[in-house]
$ cat protein27.txt   # compact mmCIF, C-alpha atoms
# COMPACT_ATOMS: atom_id res chain seq x y z
CA MET Y 219 -20.51 16.47 -14.60
CA ILE Y 220 -20.04 13.10 -12.89
CA GLN Y 221 -17.17 12.25 -15.24
CA ARG Y 222 -15.44 15.51 -14.33
CA LEU Y 223 -15.92 15.03 -10.59
CA PRO Y 224 -12.63 13.10 -10.02
CA TRP Y 225 -10.70 15.82 -11.84
CA ILE Y 226 -12.41 18.54 -9.80
CA VAL Y 227 -11.73 16.76 -6.51
CA GLY Y 228 -8.15 16.06 -7.53
CA GLY Y 229 -7.63 19.67 -8.56
CA PHE Y 230 -8.91 21.01 -5.25
CA GLY Y 231 -6.82 18.41 -3.42
CA LEU Y 232 -3.68 19.44 -5.33
CA LEU Y 233 -4.32 23.13 -4.61
CA ALA Y 234 -4.94 22.48 -0.90
CA ALA Y 235 -1.85 20.24 -0.68
CA ALA Y 236 0.26 22.97 -2.32
CA ILE Y 237 -0.99 25.45 0.27
CA GLY Y 238 -0.16 22.91 2.99
CA TRP Y 239 3.34 22.51 1.60
CA ARG Y 240 3.78 26.26 1.96
CA VAL Y 241 2.25 26.82 5.41
CA ALA Y 242 3.02 23.52 7.18
CA PRO Y 243 5.77 21.59 5.37
CA ARG Y 244 6.25 18.94 8.06
CA GLU Y 245 2.55 18.05 8.05
CA PHE Y 246 2.58 18.07 4.26
CA TYR Y 247 5.45 15.59 3.97
CA GLY Y 248 3.75 13.17 6.38
CA ALA Y 249 0.47 13.45 4.47
CA TRP Y 250 2.19 13.01 1.11
CA LEU Y 251 4.14 9.98 2.29
CA ALA Y 252 0.98 8.19 3.44
CA ALA Y 253 -0.82 9.05 0.20
CA PHE Y 254 2.19 7.99 -1.88
CA ILE Y 255 2.37 4.55 -0.25
CA ALA Y 256 -1.37 4.10 -0.80
CA LEU Y 257 -0.90 5.06 -4.46
CA ALA Y 258 1.99 2.62 -4.80
CA ALA Y 259 -0.16 -0.14 -3.32
CA TRP Y 260 -2.51 -0.11 -6.31
CA PRO Y 261 -0.06 -0.94 -9.15
CA LEU Y 262 2.21 -3.09 -6.96
CA GLY Y 263 -0.68 -5.12 -5.57
CA SER Y 264 -2.22 -5.42 -9.02
CA LEU Y 265 1.06 -6.66 -10.48
CA GLY Y 266 1.39 -9.25 -7.71
CA LEU Y 267 -2.17 -10.50 -8.31
CA LEU Y 268 -1.59 -10.78 -12.06
CA LEU Y 269 1.60 -12.78 -11.49
CA ALA Y 270 -0.20 -15.03 -8.99
CA HIS Y 271 -2.98 -15.72 -11.48
CA ILE Y 272 -0.52 -16.43 -14.28
CA MET Y 273 1.13 -19.08 -12.09
CA THR Y 274 -2.06 -20.64 -10.66
CA GLY Y 275 -4.85 -19.94 -13.13
CA GLY Y 276 -8.53 -19.78 -12.23
CA ARG Y 277 -11.65 -18.07 -13.47
CA TRP Y 278 -11.42 -15.40 -10.76
CA GLY Y 279 -8.35 -13.85 -12.36
CA GLU Y 280 -9.97 -13.64 -15.77
CA VAL Y 281 -12.88 -11.69 -14.27
CA VAL Y 282 -10.75 -9.04 -12.56
CA ARG Y 283 -7.85 -9.02 -15.03
CA PRO Y 284 -8.95 -5.88 -16.95
CA ALA Y 285 -9.15 -3.93 -13.69
CA LEU Y 286 -5.78 -5.30 -12.53
CA GLN Y 287 -4.15 -4.36 -15.83
CA ARG Y 288 -5.43 -0.81 -15.46
CA GLY Y 289 -4.00 -0.82 -11.95
CA VAL Y 290 -0.56 -1.88 -13.17
CA MET Y 291 -0.63 0.89 -15.77
CA LEU Y 292 -0.57 3.40 -12.89
CA MET Y 293 3.03 2.38 -12.13
CA PRO Y 294 4.70 5.25 -14.09
CA LEU Y 295 2.79 7.77 -11.93
CA LEU Y 296 4.92 6.76 -8.94
CA VAL Y 297 7.94 8.56 -10.40
CA PRO Y 298 6.48 12.11 -10.47
CA ALA Y 299 4.51 11.40 -7.27
CA ALA Y 300 7.76 10.71 -5.42
CA ILE Y 301 9.34 14.07 -6.33
CA PRO Y 302 7.80 16.12 -3.46
CA LEU Y 303 9.16 13.59 -0.96
CA LEU Y 304 12.71 14.29 -2.12
CA PHE Y 305 12.51 17.77 -0.58
CA GLY Y 306 11.40 16.43 2.80
CA LEU Y 307 13.53 13.35 3.38
CA SER Y 308 15.49 14.87 6.25
CA THR Y 309 12.21 16.01 7.80
CA LEU Y 310 10.70 12.54 7.62
CA TYR Y 311 13.69 10.35 8.43
CA VAL Y 312 15.84 11.04 11.48
CA TRP Y 313 18.55 8.69 10.20
CA LEU Y 314 19.40 11.26 7.54
CA ARG Y 315 20.44 13.74 10.24
CA PRO Y 316 24.19 13.37 10.95
CA GLU Y 317 23.90 13.88 14.71
CA ILE Y 318 21.50 10.91 14.97
CA ALA Y 319 22.76 8.68 12.17
CA GLU Y 320 26.14 8.03 13.77
CA SER Y 321 24.56 6.44 16.84
CA LEU Y 322 22.31 4.04 14.92
CA PRO Y 323 23.47 0.40 14.71
CA ASN Y 324 21.81 -0.01 11.30
CA HIS Y 325 23.46 3.05 9.77
CA PHE Y 326 25.17 0.79 7.22
CA TYR Y 327 21.70 0.29 5.66
CA LEU Y 328 19.92 3.53 6.58
CA ASN Y 329 22.02 6.16 4.87
CA GLY Y 330 21.36 8.60 2.05
CA PRO Y 331 23.44 7.15 -0.82
CA PHE Y 332 22.31 3.56 -0.25
CA PHE Y 333 18.70 4.72 0.09
CA ALA Y 334 18.92 6.54 -3.25
CA PHE Y 335 20.49 3.48 -4.88
CA ARG Y 336 17.66 1.24 -3.63
CA ALA Y 337 15.04 3.73 -4.84
CA VAL Y 338 16.49 3.57 -8.36
CA ILE Y 339 16.48 -0.25 -8.21
CA TYR Y 340 12.81 -0.26 -7.18
CA ALA Y 341 11.86 2.05 -10.05
CA VAL Y 342 13.77 0.05 -12.66
CA VAL Y 343 12.43 -3.33 -11.47
CA TRP Y 344 8.80 -2.25 -11.12
CA LEU Y 345 8.63 -0.33 -14.39
CA GLY Y 346 10.39 -3.16 -16.20
CA LEU Y 347 8.14 -5.88 -14.82
CA SER Y 348 5.03 -3.81 -15.52
CA PHE Y 349 6.07 -3.28 -19.13
CA LEU Y 350 6.86 -6.96 -19.69
CA VAL Y 351 3.66 -8.25 -18.08
CA ILE Y 352 1.28 -5.81 -19.79
CA ARG Y 353 2.91 -6.35 -23.18
CA ALA Y 354 2.74 -10.13 -22.83
CA LEU Y 355 -0.92 -10.08 -21.76
CA ARG Y 356 -1.81 -8.03 -24.83
CA ARG Y 357 -0.03 -10.43 -27.20
CA PRO Y 358 -1.36 -13.99 -27.09
CA GLU Y 359 1.74 -15.33 -28.86
CA THR Y 360 3.93 -14.29 -25.91
CA ARG Y 361 1.79 -15.81 -23.14
CA GLN Y 362 4.08 -18.84 -22.85
CA ASN Y 363 7.04 -16.56 -22.17
CA LEU Y 364 4.98 -14.89 -19.44
CA VAL Y 365 4.42 -18.24 -17.72
CA ARG Y 366 8.18 -18.70 -17.50
CA LEU Y 367 8.68 -15.10 -16.40
CA ALA Y 368 6.06 -15.09 -13.64
CA PRO Y 369 7.88 -17.11 -10.88
CA PRO Y 370 11.14 -15.10 -10.85
CA ALA Y 371 9.17 -11.88 -11.36
CA ALA Y 372 7.01 -12.65 -8.33
CA ILE Y 373 10.10 -13.31 -6.19
CA LEU Y 374 11.73 -10.10 -7.37
CA LEU Y 375 8.53 -8.13 -6.70
CA ALA Y 376 8.22 -9.59 -3.19
CA LEU Y 377 11.82 -8.72 -2.31
CA THR Y 378 11.62 -5.16 -3.61
CA VAL Y 379 8.26 -4.49 -1.92
CA THR Y 380 9.70 -5.78 1.37
CA PHE Y 381 12.65 -3.40 1.28
CA PHE Y 382 10.44 -0.59 -0.01
CA ALA Y 383 8.23 -1.02 3.08
CA ILE Y 384 11.26 -0.95 5.36
CA ASP Y 385 12.71 2.12 3.66
CA LEU Y 386 9.62 4.31 3.43
CA SER Y 387 7.57 3.51 6.52
CA GLN Y 388 9.31 1.21 9.01
CA SER Y 389 12.43 3.39 9.03
CA LEU Y 390 10.39 6.36 10.21
CA GLU Y 391 11.22 4.89 13.62
CA PRO Y 392 14.63 3.29 12.92
CA GLY Y 393 14.75 1.44 16.23
CA PHE Y 394 11.61 -0.60 15.50
CA ASN Y 395 12.30 -4.21 14.50
CA SER Y 396 9.84 -6.56 12.80
CA SER Y 397 10.57 -9.51 10.53
CA VAL Y 398 6.89 -9.57 9.51
CA TYR Y 399 6.64 -5.93 8.45
CA GLY Y 400 7.52 -6.39 4.77
CA LEU Y 401 5.14 -9.32 4.30
CA LEU Y 402 2.41 -7.46 6.17
CA THR Y 403 2.84 -4.46 3.89
CA GLY Y 404 2.74 -6.64 0.79
CA VAL Y 405 -0.48 -8.32 1.89
CA GLY Y 406 -2.00 -4.91 2.67
CA MET Y 407 -1.08 -3.70 -0.82
CA THR Y 408 -2.59 -6.83 -2.34
CA LEU Y 409 -5.79 -6.31 -0.34
CA PHE Y 410 -5.95 -2.69 -1.49
CA ALA Y 411 -5.43 -3.58 -5.17
CA PHE Y 412 -7.88 -6.50 -5.10
CA SER Y 413 -10.48 -4.28 -3.42
CA GLY Y 414 -10.03 -1.73 -6.19
CA ALA Y 415 -10.34 -4.36 -8.91
CA LEU Y 416 -13.36 -5.92 -7.17
CA ALA Y 417 -15.11 -2.57 -6.78
CA THR Y 418 -14.57 -1.80 -10.46
CA THR Y 419 -15.82 -5.24 -11.49
CA CYS Y 420 -18.82 -5.52 -9.17
CA LEU Y 421 -20.11 -1.99 -9.75
CA ALA Y 422 -19.90 -2.38 -13.54
CA ALA Y 423 -23.04 -2.59 -15.66
CA ASN Y 424 -23.16 -6.39 -16.03
CA PRO Y 425 -20.93 -8.21 -13.52
CA ASP Y 426 -20.61 -12.00 -13.66
CA GLN Y 427 -23.01 -12.94 -10.84
CA ARG Y 428 -21.68 -16.50 -10.62
CA MET Y 429 -18.21 -15.28 -9.68
CA ILE Y 430 -19.27 -12.72 -7.08
CA PRO Y 431 -19.28 -15.20 -4.11
CA VAL Y 432 -15.88 -16.53 -5.21
CA LEU Y 433 -14.37 -13.05 -5.40
CA ALA Y 434 -15.94 -12.16 -2.04
CA ARG Y 435 -14.33 -15.20 -0.40
CA ILE Y 436 -10.94 -14.26 -1.86
CA LEU Y 437 -11.39 -10.77 -0.42
CA LEU Y 438 -12.28 -12.24 2.97
CA GLY Y 439 -9.27 -14.56 2.79
CA LEU Y 440 -6.93 -11.63 2.13
CA ALA Y 441 -8.47 -9.72 5.05
CA ILE Y 442 -7.95 -12.72 7.35
CA LEU Y 443 -4.34 -13.12 6.20
CA TRP Y 444 -3.70 -9.42 6.83
CA ALA Y 445 -5.25 -9.67 10.32
CA TYR Y 446 -3.22 -12.77 11.14
CA LEU Y 447 0.07 -11.08 10.21
CA GLU Y 448 -0.91 -7.93 12.10
CA PHE Y 449 -1.68 -10.06 15.16
CA VAL Y 450 1.59 -11.99 14.87
CA GLN Y 451 3.61 -8.78 14.74
CA ALA Y 452 1.80 -7.32 17.75
CA LEU Y 453 2.12 -10.57 19.69
CA ILE Y 454 5.87 -10.82 19.07
CA VAL Y 455 6.39 -7.21 20.18
CA TRP Y 456 4.24 -7.80 23.29
CA GLU Y 457 6.09 -11.00 24.25
CA SER Y 458 9.54 -9.49 23.61
CA ASP Y 459 8.70 -6.34 25.59
CA LEU Y 460 11.75 -4.50 24.22
CA THR Y 461 12.11 -0.79 24.81
CA VAL Y 462 12.98 -0.21 21.14
CA ASP Y 463 9.80 -1.88 19.84
CA VAL Y 464 7.06 -1.22 22.39
CA PRO Y 465 6.86 2.57 21.75
CA TRP Y 466 5.85 1.87 18.14
CA TYR Y 467 2.58 0.33 19.36
CA LEU Y 468 2.13 2.74 22.25
CA HIS Y 469 2.03 5.63 19.78
CA ARG Y 470 -0.71 3.87 17.81
CA THR Y 471 -2.90 2.29 20.49
CA THR Y 472 -3.36 5.21 22.88
CA GLY Y 473 -5.57 8.26 22.56
CA SER Y 474 -7.45 8.84 19.31
CA TRP Y 475 -5.07 6.59 17.36
CA GLY Y 476 -6.18 3.70 19.58
CA LEU Y 477 -9.76 4.20 18.40
CA VAL Y 478 -8.51 4.23 14.81
CA ALA Y 479 -6.72 0.91 15.41
CA TRP Y 480 -9.94 -0.74 16.60
CA ALA Y 481 -11.86 0.73 13.66
CA ILE Y 482 -9.33 -0.63 11.17
CA ALA Y 483 -9.51 -4.11 12.68
CA GLY Y 484 -13.30 -4.15 12.93
CA VAL Y 485 -14.18 -2.87 9.48
CA HIS Y 486 -11.98 -5.46 7.75
CA PHE Y 487 -14.23 -8.24 9.08
CA LEU Y 488 -17.68 -7.08 10.05
CA LEU Y 489 -18.72 -6.07 6.55
CA LEU Y 490 -17.57 -9.35 5.02
CA LEU Y 491 -19.03 -11.85 7.49
CA SER Y 492 -22.60 -11.70 6.19
CA PRO Y 493 -23.31 -14.41 3.56
CA ARG Y 494 -25.90 -12.09 2.08
CA ASN Y 495 -23.29 -9.42 1.45
CA GLN Y 496 -20.96 -11.98 -0.12
CA ALA Y 497 -23.59 -12.93 -2.72
CA ASP Y 498 -24.59 -9.43 -3.81
CA ALA Y 499 -22.43 -7.67 -6.39
CA ARG Y 500 -23.35 -4.13 -5.34
CA SER Y 501 -22.81 -4.89 -1.65
CA ILE Y 502 -19.40 -6.41 -2.32
CA GLY Y 503 -18.46 -3.49 -4.56
CA MET Y 504 -19.33 -0.99 -1.84
CA ILE Y 505 -17.52 -3.06 0.81
CA ALA Y 506 -14.44 -3.14 -1.42
CA LEU Y 507 -14.51 0.66 -1.64
CA VAL Y 508 -14.76 0.88 2.17
CA LEU Y 509 -11.77 -1.47 2.52
CA MET Y 510 -9.74 0.72 0.17
CA GLY Y 511 -10.58 3.69 2.37
CA MET Y 512 -9.58 1.79 5.49
CA GLU Y 513 -6.23 0.87 3.93
CA LEU Y 514 -5.58 4.58 3.41
CA VAL Y 515 -6.58 5.20 7.03
CA ARG Y 516 -4.15 2.45 8.06
CA TRP Y 517 -1.29 4.24 6.31
CA TRP Y 518 -2.19 7.44 8.16
CA TRP Y 519 -2.17 5.31 11.32
CA ILE Y 520 1.32 4.06 10.49
CA VAL Y 521 2.94 7.27 9.23
CA LEU Y 522 1.50 10.14 11.27
CA PRO Y 523 2.22 8.83 14.82
CA SER Y 524 5.86 8.33 13.84
CA LEU Y 525 6.07 12.06 13.20
CA SER Y 526 3.93 12.94 16.26
CA LEU Y 527 1.31 14.43 13.95
CA PRO Y 528 -2.48 14.31 14.24
CA PHE Y 529 -4.76 13.83 11.25
CA GLY Y 530 -5.44 17.14 9.53
CA TRP Y 531 -6.83 18.79 6.44
CA ILE Y 532 -3.54 18.39 4.58
CA ASP Y 533 -3.83 14.60 4.91
CA ALA Y 534 -7.31 14.71 3.39
CA ALA Y 535 -6.09 17.01 0.60
CA ALA Y 536 -3.16 14.75 -0.32
CA ALA Y 537 -5.46 11.70 -0.37
CA CYS Y 538 -7.81 13.43 -2.84
CA ILE Y 539 -5.06 13.73 -5.42

$ encode --input "protein27.txt" --output "structure tokens"
Amino acid sequence: MIQRLPWIVGGFGLLAAAIGWRVAPREFYGAWLAAFIALAAWPLGSLGLLLAHIMTGGRWGEVVRPALQRGVMLMPLLVPAAIPLLFGLSTLYVWLRPEIAESLPNHFYLNGPFFAFRAVIYAVVWLGLSFLVIRALRRPETRQNLVRLAPPAAILLALTVTFFAIDLSQSLEPGFNSSVYGLLTGVGMTLFAFSGALATTCLAANPDQRMIPVLARILLGLAILWAYLEFVQALIVWESDLTVDVPWYLHRTTGSWGLVAWAIAGVHFLLLLSPRNQADARSIGMIALVLMGMELVRWWWIVLPSLSLPFGWIDAAAACI
């Protein structure tokens, strides 16, 4: 019964999301977009972590490598998962509406044909890199080729993830400017993927107890890096005080979304500060699961206010899939 539980939850989530698509399409597209980005974070973050370990080495990567490889193998699921979004692009993105697009200064970048071209590039690059990395890791005789592949692959992954973040989430409000946004998104994806790998590793039957504190410190380091970049972005917007940027934060720091913002910031740190938690495999595994949940909440926090939508049952249904 326990083994069937994910399928049951996913089935109910899919049914509820399909009903939401029918009765409230605008809410559905916002919910699906947030869930899709969270899904993409797992294989993309896992791929980035594998490439980082290939270039730097370390015992930590060997411990979580099986979980990261399983994460990368989710990459092909992004293709069918993106199909529902194709029907709601004009609902999600105002720059696809002719009456608005003509007045945008960045229309040369935010337009339908160029967006479609970039989407194809992302799919080809990510699926290709995933195939090459997984195949090389399974064949010891090709490991040396993987060492040479890793640096350019990491650069290519970073560039595509940056533009992917701009295209799918930052462009929901095309007037918002942030040079940190792509890096911030990449770090968030890495934190999500590492949390998933850590939860899988720490909650396994016989985790390596000697590596638990090391993995916990890496998790804390990623959380601190994410918080630093989030703070830098907010500080730059606050100091600039530009009318095109300030509304982005006003939508997310007032009312109930303001409480969500404080919850996101607090949870990322409070659970990890205890040395006792950092030394216990089960505690770290549960904390990693909580952090994965908070990353999903963060994507709701980013996507839904852009569409002037509250959190609803359709968001929960899409997340269950």

$ closest_residue --input "protein27.txt" --among "Y:Ile482, Y:Ala535, Y:Leu525, Y:Ala253" --to "Met512 in chain Y" --atoms "all atoms listed in the file"
Y:Ile482

$ closest_residue --input "protein27.txt" --among "Y:Ala434, Y:Val227, Y:Thr472, Y:Ser396" --to "Val455 in chain Y" --atoms "all atoms listed in the file"
Y:Ser396

$ axis_aligned_box --input "protein27.txt" --around "range 308-326 of chain Y" --padding-each-side "4 Å" --output "AutoDock Vina command-line options"
--center_x 18.4 --center_y 8.0 --center_z 11.5 --size_x 23.4 --size_y 24.0 --size_z 18.6

$ residues_around --input "protein27.txt" --residues "Pro316 in chain Y" --least-positions-apart "5" --cutoff "12 Å" --atoms "only C-alpha atoms" --output "number ranges by chain"
Y: 308, 311, 321-322, 325, 328-330

$ closest_residue --input "protein27.txt" --among "Y:Gly414, Y:Leu347, Y:Ala383, Y:Gly393" --to "Ile318 in chain Y" --atoms "all atoms listed in the file"
Y:Gly393

$ atom_distance --input "protein27.txt" --atom1 "CA of Phe333 in chain Y" --atom2 "CA of Leu265 in chain Y"
23.5 Å

$ atom_distance --input "protein27.txt" --atom1 "CA of Ala452 in chain Y" --atom2 "CA of Ala481 in chain Y"
16.4 Å

$ atom_distance --input "protein27.txt" --atom1 "CA of Ala256 in chain Y" --atom2 "CA of Leu514 in chain Y"
6.0 Å

$ closest_residue --input "protein27.txt" --among "Y:Leu310, Y:Val351, Y:Leu447, Y:Leu421" --to "Ser389 in chain Y" --atoms "all atoms listed in the file"
Y:Leu310

$ build_atoms --input "protein27.txt" --residues "range 313-324 of chain Y" --atoms "all heavy atoms" --output "mmCIF file, in the coordinates of the input"
data_model
loop_
_atom_site.group_PDB
_atom_site.id
_atom_site.type_symbol
_atom_site.label_atom_id
_atom_site.label_comp_id
_atom_site.auth_asym_id
_atom_site.auth_seq_id
_atom_site.Cartn_x
_atom_site.Cartn_y
_atom_site.Cartn_z
ATOM 1 N N TRP Y 313 17.257 9.303 10.502
ATOM 2 C CA TRP Y 313 18.550 8.690 10.200
ATOM 3 C C TRP Y 313 19.301 9.418 9.105
ATOM 4 O O TRP Y 313 20.457 9.086 8.812
ATOM 5 C CB TRP Y 313 18.385 7.215 9.836
ATOM 6 C CG TRP Y 313 17.277 6.906 8.861
ATOM 7 C CD1 TRP Y 313 15.995 6.542 9.157
ATOM 8 C CD2 TRP Y 313 17.363 6.921 7.427
ATOM 9 N NE1 TRP Y 313 15.274 6.332 8.000
ATOM 10 C CE2 TRP Y 313 16.098 6.557 6.933
ATOM 11 C CE3 TRP Y 313 18.398 7.202 6.530
ATOM 12 C CZ2 TRP Y 313 15.823 6.473 5.569
ATOM 13 C CZ3 TRP Y 313 18.133 7.118 5.164
ATOM 14 C CH2 TRP Y 313 16.856 6.761 4.704
ATOM 15 N N LEU Y 314 18.690 10.431 8.501
ATOM 16 C CA LEU Y 314 19.400 11.260 7.540
ATOM 17 C C LEU Y 314 20.043 12.481 8.206
ATOM 18 O O LEU Y 314 20.718 13.259 7.540
ATOM 19 C CB LEU Y 314 18.438 11.734 6.439
ATOM 20 C CG LEU Y 314 18.079 10.684 5.385
ATOM 21 C CD1 LEU Y 314 17.003 11.213 4.450
ATOM 22 C CD2 LEU Y 314 19.303 10.247 4.595
ATOM 23 N N ARG Y 315 19.829 12.630 9.501
ATOM 24 C CA ARG Y 315 20.440 13.740 10.240
ATOM 25 C C ARG Y 315 21.750 13.240 10.844
ATOM 26 O O ARG Y 315 21.767 12.259 11.597
ATOM 27 C CB ARG Y 315 19.488 14.220 11.323
ATOM 28 C CG ARG Y 315 18.128 14.632 10.771
ATOM 29 C CD ARG Y 315 17.109 14.840 11.879
ATOM 30 N NE ARG Y 315 15.760 14.917 11.340
ATOM 31 C CZ ARG Y 315 14.648 14.923 12.071
ATOM 32 N NH1 ARG Y 315 14.751 14.852 13.410
ATOM 33 N NH2 ARG Y 315 13.467 14.977 11.500
ATOM 34 N N PRO Y 316 22.866 13.872 10.535
ATOM 35 C CA PRO Y 316 24.190 13.370 10.950
ATOM 36 C C PRO Y 316 24.319 13.143 12.454
ATOM 37 O O PRO Y 316 24.939 12.155 12.882
ATOM 38 C CB PRO Y 316 25.140 14.475 10.486
ATOM 39 C CG PRO Y 316 24.427 15.141 9.357
ATOM 40 C CD PRO Y 316 22.974 15.096 9.716
ATOM 41 N N GLU Y 317 23.740 14.008 13.265
ATOM 42 C CA GLU Y 317 23.900 13.880 14.710
ATOM 43 C C GLU Y 317 23.196 12.637 15.267
ATOM 44 O O GLU Y 317 23.536 12.144 16.343
ATOM 45 C CB GLU Y 317 23.369 15.134 15.425
ATOM 46 C CG GLU Y 317 21.862 15.345 15.360
ATOM 47 C CD GLU Y 317 21.399 16.021 14.077
ATOM 48 O OE1 GLU Y 317 22.227 16.165 13.149
ATOM 49 O OE2 GLU Y 317 20.223 16.412 14.002
ATOM 50 N N ILE Y 318 22.222 12.113 14.530
ATOM 51 C CA ILE Y 318 21.500 10.910 14.970
ATOM 52 C C ILE Y 318 22.013 9.675 14.249
ATOM 53 O O ILE Y 318 22.112 8.593 14.831
ATOM 54 C CB ILE Y 318 19.984 11.082 14.726
ATOM 55 C CG1 ILE Y 318 19.455 12.236 15.587
ATOM 56 C CG2 ILE Y 318 19.222 9.800 15.024
ATOM 57 C CD1 ILE Y 318 17.986 12.532 15.388
ATOM 58 N N ALA Y 319 22.360 9.825 12.984
ATOM 59 C CA ALA Y 319 22.760 8.680 12.170
ATOM 60 C C ALA Y 319 23.957 7.938 12.734
ATOM 61 O O ALA Y 319 24.025 6.697 12.690
ATOM 62 C CB ALA Y 319 23.053 9.137 10.742
ATOM 63 N N GLU Y 320 24.911 8.659 13.285
ATOM 64 C CA GLU Y 320 26.140 8.030 13.770
ATOM 65 C C GLU Y 320 25.899 7.075 14.925
ATOM 66 O O GLU Y 320 26.675 6.135 15.125
ATOM 67 C CB GLU Y 320 27.131 9.116 14.186
ATOM 68 C CG GLU Y 320 27.601 9.986 13.027
ATOM 69 C CD GLU Y 320 28.535 11.088 13.489
ATOM 70 O OE1 GLU Y 320 28.757 11.183 14.720
ATOM 71 O OE2 GLU Y 320 29.045 11.842 12.632
ATOM 72 N N SER Y 321 24.834 7.286 15.677
ATOM 73 C CA SER Y 321 24.560 6.440 16.840
ATOM 74 C C SER Y 321 23.672 5.246 16.517
ATOM 75 O O SER Y 321 23.430 4.408 17.396
ATOM 76 C CB SER Y 321 23.898 7.271 17.945
ATOM 77 O OG SER Y 321 22.647 7.791 17.493
ATOM 78 N N LEU Y 322 23.211 5.129 15.283
ATOM 79 C CA LEU Y 322 22.310 4.040 14.920
ATOM 80 C C LEU Y 322 23.103 2.799 14.532
ATOM 81 O O LEU Y 322 24.020 2.872 13.706
ATOM 82 C CB LEU Y 322 21.407 4.451 13.756
ATOM 83 C CG LEU Y 322 20.398 5.567 14.031
ATOM 84 C CD1 LEU Y 322 19.660 5.934 12.757
ATOM 85 C CD2 LEU Y 322 19.415 5.139 15.116
ATOM 86 N N PRO Y 323 22.747 1.626 15.069
ATOM 87 C CA PRO Y 323 23.470 0.400 14.710
ATOM 88 C C PRO Y 323 23.222 -0.045 13.268
ATOM 89 O O PRO Y 323 24.020 -0.796 12.710
ATOM 90 C CB PRO Y 323 22.937 -0.631 15.713
ATOM 91 C CG PRO Y 323 21.600 -0.099 16.119
ATOM 92 C CD PRO Y 323 21.725 1.391 16.095
ATOM 93 N N ASN Y 324 22.113 0.388 12.674
ATOM 94 C CA ASN Y 324 21.810 -0.010 11.300
ATOM 95 C C ASN Y 324 22.126 1.104 10.300
ATOM 96 O O ASN Y 324 21.524 1.178 9.227
ATOM 97 C CB ASN Y 324 20.337 -0.418 11.170
ATOM 98 C CG ASN Y 324 19.382 0.600 11.782
ATOM 99 O OD1 ASN Y 324 19.810 1.662 12.232
ATOM 100 N ND2 ASN Y 324 18.109 0.276 11.799
#
